[in-house]
file target_5.txt (compact mmCIF, C-alpha atoms and all ligand atoms)
# COMPACT_ATOMS: atom_id res chain seq x y z
CA MET A 1 -78.12 100.15 -74.07
CA ALA A 2 -76.53 96.75 -74.73
CA ARG A 3 -75.87 95.96 -78.37
CA PRO A 4 -78.03 93.22 -79.88
CA PRO A 5 -76.15 89.90 -79.99
CA ILE A 6 -77.75 88.67 -83.20
CA ALA A 7 -77.67 90.16 -86.69
CA ILE A 8 -80.27 89.03 -89.20
CA ILE A 9 -79.00 89.99 -92.63
CA MET A 10 -80.57 89.33 -96.02
CA GLY A 11 -79.71 89.90 -99.64
CA SER A 12 -82.84 91.85 -100.56
CA GLN A 13 -86.00 93.42 -99.21
CA SER A 14 -87.81 90.53 -100.92
CA ASP A 15 -86.22 88.11 -98.42
CA TRP A 16 -87.92 89.77 -95.47
CA ALA A 17 -91.13 87.74 -95.99
CA THR A 18 -89.00 84.69 -95.08
CA MET A 19 -86.52 86.24 -92.66
CA ARG A 20 -89.20 87.93 -90.56
CA HIS A 21 -89.92 84.45 -89.20
CA ALA A 22 -86.44 84.45 -87.67
CA ALA A 23 -87.14 87.88 -86.19
CA GLU A 24 -90.52 86.79 -84.79
CA THR A 25 -88.95 83.69 -83.22
CA LEU A 26 -86.30 85.83 -81.50
CA ASP A 27 -89.06 88.22 -80.35
CA ALA A 28 -90.87 85.25 -78.76
CA LEU A 29 -87.65 84.29 -76.96
CA GLY A 30 -86.86 87.82 -75.83
CA VAL A 31 -83.58 87.94 -77.75
CA PRO A 32 -82.63 91.34 -79.23
CA TYR A 33 -81.42 91.50 -82.82
CA ASP A 34 -80.65 93.92 -85.59
CA THR A 35 -81.85 93.52 -89.19
CA ARG A 36 -79.92 94.66 -92.27
CA ILE A 37 -80.14 94.32 -96.04
CA VAL A 38 -76.65 93.41 -97.25
CA SER A 39 -75.88 91.95 -100.67
CA ALA A 40 -72.62 90.43 -101.80
CA HIS A 41 -73.69 91.22 -105.35
CA ARG A 42 -75.48 94.56 -105.17
CA THR A 43 -73.83 96.17 -102.12
CA PRO A 44 -70.38 94.53 -101.92
CA ASP A 45 -68.83 97.43 -99.98
CA ARG A 46 -71.64 97.25 -97.41
CA LEU A 47 -71.04 93.51 -97.06
CA VAL A 48 -67.31 93.95 -96.43
CA ALA A 49 -67.93 96.73 -93.88
CA PHE A 50 -70.62 94.73 -92.09
CA ALA A 51 -68.81 91.38 -92.02
CA LYS A 52 -65.43 92.80 -91.02
CA GLY A 53 -66.99 94.97 -88.32
CA ALA A 54 -69.63 92.56 -87.00
CA ARG A 55 -67.65 91.31 -84.00
CA ALA A 56 -66.56 94.83 -83.02
CA GLU A 57 -70.22 95.91 -83.27
CA GLY A 58 -70.99 93.42 -80.52
CA PHE A 59 -72.72 90.74 -82.56
CA GLN A 60 -72.19 87.14 -81.45
CA VAL A 61 -74.13 85.20 -84.09
CA ILE A 62 -75.15 86.10 -87.64
CA ILE A 63 -78.20 84.75 -89.44
CA ALA A 64 -77.90 85.31 -93.20
CA GLY A 65 -80.77 84.68 -95.61
CA ALA A 66 -80.42 84.81 -99.38
CA GLY A 67 -81.97 83.33 -102.50
CA GLY A 68 -80.76 82.16 -105.89
CA ALA A 69 -77.00 82.57 -106.24
CA ALA A 70 -76.85 82.91 -102.48
CA HIS A 71 -73.29 83.99 -101.82
CA LEU A 72 -74.12 86.21 -98.86
CA PRO A 73 -73.76 83.66 -96.01
CA GLY A 74 -70.48 82.23 -97.32
CA MET A 75 -68.93 85.61 -98.09
CA THR A 76 -69.95 86.87 -94.66
CA ALA A 77 -68.43 83.79 -93.01
CA ALA A 78 -65.22 84.38 -94.96
CA MET A 79 -64.81 87.79 -93.33
CA THR A 80 -65.84 87.16 -89.72
CA PRO A 81 -64.95 84.64 -87.02
CA LEU A 82 -68.55 84.72 -85.72
CA PRO A 83 -70.83 81.72 -86.29
CA VAL A 84 -72.95 82.22 -89.42
CA PHE A 85 -76.22 80.38 -90.01
CA GLY A 86 -77.47 80.42 -93.60
CA VAL A 87 -81.12 80.39 -94.60
CA PRO A 88 -81.85 79.43 -98.21
CA VAL A 89 -84.71 81.66 -99.36
CA GLU A 90 -87.16 79.97 -101.73
CA SER A 91 -86.44 81.28 -105.21
CA LYS A 92 -89.13 81.51 -107.90
CA ALA A 93 -87.15 79.85 -110.66
CA LEU A 94 -85.80 76.82 -108.77
CA SER A 95 -87.86 76.69 -105.56
CA GLY A 96 -84.84 77.38 -103.38
CA GLN A 97 -82.77 74.39 -104.54
CA ASP A 98 -80.29 76.90 -106.01
CA SER A 99 -80.20 78.85 -102.73
CA LEU A 100 -79.70 75.67 -100.70
CA LEU A 101 -76.83 74.35 -102.79
CA SER A 102 -75.17 77.79 -102.97
CA ILE A 103 -75.19 78.05 -99.18
CA VAL A 104 -74.53 74.49 -98.06
CA GLN A 105 -71.62 73.42 -100.21
CA MET A 106 -68.86 75.46 -98.56
CA PRO A 107 -65.21 74.49 -98.94
CA ALA A 108 -63.58 73.03 -95.81
CA GLY A 109 -62.25 75.81 -93.62
CA ILE A 110 -65.07 78.38 -93.80
CA PRO A 111 -68.22 76.98 -92.17
CA VAL A 112 -71.81 78.11 -92.69
CA GLY A 113 -74.44 76.24 -90.68
CA THR A 114 -77.09 75.69 -93.33
CA LEU A 115 -80.77 75.43 -92.44
CA ALA A 116 -83.84 74.29 -94.39
CA ILE A 117 -85.30 76.24 -97.32
CA GLY A 118 -87.79 78.97 -96.40
CA ARG A 119 -89.77 79.59 -93.21
CA ALA A 120 -88.63 76.42 -91.40
CA GLY A 121 -85.02 77.41 -91.96
CA ALA A 122 -85.61 80.96 -90.73
CA VAL A 123 -87.33 79.77 -87.55
CA ASN A 124 -84.68 77.14 -86.89
CA ALA A 125 -81.82 79.57 -87.54
CA ALA A 126 -83.26 81.78 -84.80
CA LEU A 127 -83.64 78.80 -82.43
CA LEU A 128 -80.09 77.68 -83.13
CA ALA A 129 -78.69 81.19 -82.65
CA ALA A 130 -80.59 81.46 -79.37
CA ALA A 131 -79.26 78.05 -78.29
CA VAL A 132 -75.70 79.28 -78.87
CA LEU A 133 -76.32 82.35 -76.71
CA ALA A 134 -78.08 80.22 -74.09
CA LEU A 135 -74.84 78.31 -73.43
CA HIS A 136 -73.79 81.36 -71.39
CA ASP A 137 -77.24 82.71 -70.48
CA PRO A 138 -79.22 80.54 -68.03
CA ALA A 139 -82.33 82.76 -68.23
CA LEU A 140 -82.45 82.37 -72.00
CA SER A 141 -81.89 78.63 -71.59
CA LEU A 142 -85.03 78.49 -69.44
CA ARG A 143 -86.98 80.50 -72.02
CA LEU A 144 -85.92 78.04 -74.71
CA ASP A 145 -87.14 75.15 -72.54
CA GLU A 146 -90.47 76.97 -72.10
CA TRP A 147 -90.72 77.58 -75.83
CA ARG A 148 -90.36 73.84 -76.52
CA LYS A 149 -92.86 73.00 -73.76
CA ARG A 150 -95.43 75.37 -75.29
CA GLN A 151 -94.77 73.85 -78.71
CA SER A 152 -95.38 70.32 -77.39
CA GLU A 153 -98.54 71.43 -75.62
CA SER A 154 -99.86 73.01 -78.82
CA VAL A 155 -99.80 69.67 -80.68
CA ALA A 156 -103.17 67.92 -80.44
CA GLU A 157 -103.27 64.22 -79.60
CA ARG A 158 -105.57 63.48 -82.52
CA PRO A 159 -106.19 65.13 -85.90
CA SER A 160 -109.31 67.23 -86.30
CA ASN A 161 -111.44 68.18 -89.30
CA GLU A 162 -111.16 71.82 -88.17
CA GLY A 163 -107.39 72.07 -88.40
N1 LIG B 1 -78.42 85.95 -103.09
C1 LIG B 1 -78.46 87.28 -103.10
C2 LIG B 1 -77.43 88.15 -102.71
C3 LIG B 1 -76.12 87.72 -102.16
O1 LIG B 1 -75.89 86.48 -102.04
O2 LIG B 1 -75.34 88.58 -101.79
N2 LIG B 1 -77.86 89.41 -102.88
C4 LIG B 1 -79.13 89.35 -103.33
N3 LIG B 1 -79.48 88.07 -103.49
C5 LIG B 1 -80.80 87.49 -103.76
O3 LIG B 1 -81.44 87.84 -104.91
C6 LIG B 1 -82.80 87.43 -104.72
C7 LIG B 1 -83.70 88.27 -105.58
O4 LIG B 1 -83.64 89.60 -105.14
P1 LIG B 1 -84.72 90.67 -105.67
O5 LIG B 1 -86.07 90.18 -105.21
O6 LIG B 1 -84.32 91.96 -105.00
O7 LIG B 1 -84.59 90.72 -107.16
C8 LIG B 1 -83.07 87.55 -103.24
O8 LIG B 1 -83.55 86.30 -102.73
C9 LIG B 1 -81.74 87.91 -102.66
O9 LIG B 1 -81.40 87.21 -101.48

call {"tool": "encode", "arguments": {"input": "target_5.txt", "output": "C-alpha cells", "more": "lines below"}}
Ligand SMILES: Nc1c(C(=O)O)ncn1[C@@H]1O[C@H](COP(=O)(O)O)[C@@H](O)[C@H]1O
result
Amino acid sequence: MARPPIAIIMGSQSDWATMRHAAETLDALGVPYDTRIVSAHRTPDRLVAFAKGARAEGFQVIIAGAGGAAHLPGMTAAMTPLPVFGVPVESKALSGQDSLLSIVQMPAGIPVGTLAIGRAGAVNAALLAAAVLALHDPALSLRLDEWRKRQSESVAERPSNEG
C-alpha cells in the first residue's frame, strides 16, 4: 500500500481536539495521512527520529500542531527538508497567542508556514497541504475545486434566525 503523503503531528494528546479538524478535512478530500504524537520537550528522541526520517518514510508535507511554548513545528522544520505547516493550538493561559508567536517568528533560513490559532488553522493547514500535493495530482486538484464549490453553495444569501 502507498505510504500516506501527509503527517499530522502534535505535541500532546490534548491537541487532538484541534488537530482532528485537519484530519477530517483531509478525509473529505480523500487524502491519506498518518497521525503521531511527537513532542520536542517530552519525547525529544522521538522528534529527532521522526523529523530526520520523515522524507524516507514517504511523507511529502508535515502539519505540526502545538500549544504554549510550541517548539515542535520549528524543530521539525530544522531537521527535514519537507514543507512544514504549523498550527498554533489555543492554550488555556494565553489563548494561543503564545503558541502563535512561538511558531511564527522563525529565524530566516528555516521556514514554517504558520496558520491561524485553533480550528481554522488546522482546517487551513490541511487545505494548504492538499494544495501542495495537488500541484502534481490533477484528480486531487479537481477534488479541491469541488470542495470550494460545495463551500460556496453552503453559504446562504441572507442571514436567518435559525442559524
Ligand atoms: N508545545 C508542545 C510541545 C513541543 O513544542 O514539542 N510538546 C508539547 N507541547 C504542548 O504542551 C501543551 C500542553 O500539553 P498537555 O495538555 O499534555 O499538558 C500542548 O498544547 C502541547 O502541544

call {"tool": "residues_around", "arguments": {"input": "target_5.txt", "residues": "segment 1-16 of chain A", "least_positions_apart": "3", "cutoff": "6 Å", "atoms": "all atoms listed in the file", "output": "PDB file with C-alpha atoms, in the coordinates of the input"}}
result
ATOM      1  CA  MET A  19     -86.520  86.240 -92.660  1.00  0.00           C
ATOM      2  CA  ARG A  20     -89.200  87.930 -90.560  1.00  0.00           C
ATOM      3  CA  PRO A  32     -82.630  91.340 -79.230  1.00  0.00           C
ATOM      4  CA  TYR A  33     -81.420  91.500 -82.820  1.00  0.00           C
ATOM      5  CA  ASP A  34     -80.650  93.920 -85.590  1.00  0.00           C
ATOM      6  CA  THR A  35     -81.850  93.520 -89.190  1.00  0.00           C
ATOM      7  CA  ARG A  36     -79.920  94.660 -92.270  1.00  0.00           C
ATOM      8  CA  ILE A  37     -80.140  94.320 -96.040  1.00  0.00           C
ATOM      9  CA  VAL A  38     -76.650  93.410 -97.250  1.00  0.00           C
ATOM     10  CA  SER A  39     -75.880  91.950-100.670  1.00  0.00           C
ATOM     11  CA  GLY A  58     -70.990  93.420 -80.520  1.00  0.00           C
ATOM     12  CA  PHE A  59     -72.720  90.740 -82.560  1.00  0.00           C
ATOM     13  CA  GLN A  60     -72.190  87.140 -81.450  1.00  0.00           C
ATOM     14  CA  VAL A  61     -74.130  85.200 -84.090  1.00  0.00           C
ATOM     15  CA  ILE A  62     -75.150  86.100 -87.640  1.00  0.00           C
ATOM     16  CA  ILE A  63     -78.200  84.750 -89.440  1.00  0.00           C
ATOM     17  CA  ALA A  64     -77.900  85.310 -93.200  1.00  0.00           C
ATOM     18  CA  GLY A  65     -80.770  84.680 -95.610  1.00  0.00           C
ATOM     19  CA  ALA A  66     -80.420  84.810 -99.380  1.00  0.00           C
TER      20      ALA A  66
END

call {"tool": "atom_distance", "arguments": {"input": "target_5.txt", "atom1": "atom CA of Pro88 of chain A", "atom2": "atom C7 of ligand LIG 1 (chain B)"}}
result
11.7 Å

call {"tool": "closest_residue", "arguments": {"input": "target_5.txt", "among": "A:Asn161, A:Ser95, A:Thr25, A:Thr80", "to": "ligand LIG 1 (chain B)", "atoms": "all atoms listed in the file"}}
result
A:Ser95

call {"tool": "residues_around", "arguments": {"input": "target_5.txt", "residues": "segment 136-153 of chain A", "least_positions_apart": "5", "cutoff": "10 Å", "atoms": "only C-alpha atoms", "output": "number ranges by chain"}}
result
A: 25, 28-31, 127, 130-131

call {"tool": "residues_around", "arguments": {"input": "target_5.txt", "residues": "Ala22 of chain A", "least_positions_apart": "5", "cutoff": "7 Å", "atoms": "all atoms listed in the file", "output": "ChimeraX atom specification"}}
result
/A:122-123,125-126

call {"tool": "atom_distance", "arguments": {"input": "target_5.txt", "atom1": "atom CA of Gly96 of chain A", "atom2": "atom CA of Leu128 of chain A"}}
result
20.8 Å

call {"tool": "closest_residue", "arguments": {"input": "target_5.txt", "among": "A:Ala93, A:Ile103, A:Met79, A:Val87", "to": "Leu47 of chain A", "atoms": "only C-alpha atoms"}}
result
A:Met79

call {"tool": "residues_near_point", "arguments": {"input": "target_5.txt", "point": "(-68.8, 91.3, -92.0)", "cutoff": "8 Å", "atoms": "all atoms listed in the file", "output": "list in words"}}
result
Leu47, Val48, Ala49, Phe50, Ala51, Lys52, Gly53, Ala54, Thr76, Ala77, Met79 and Thr80 of chain A
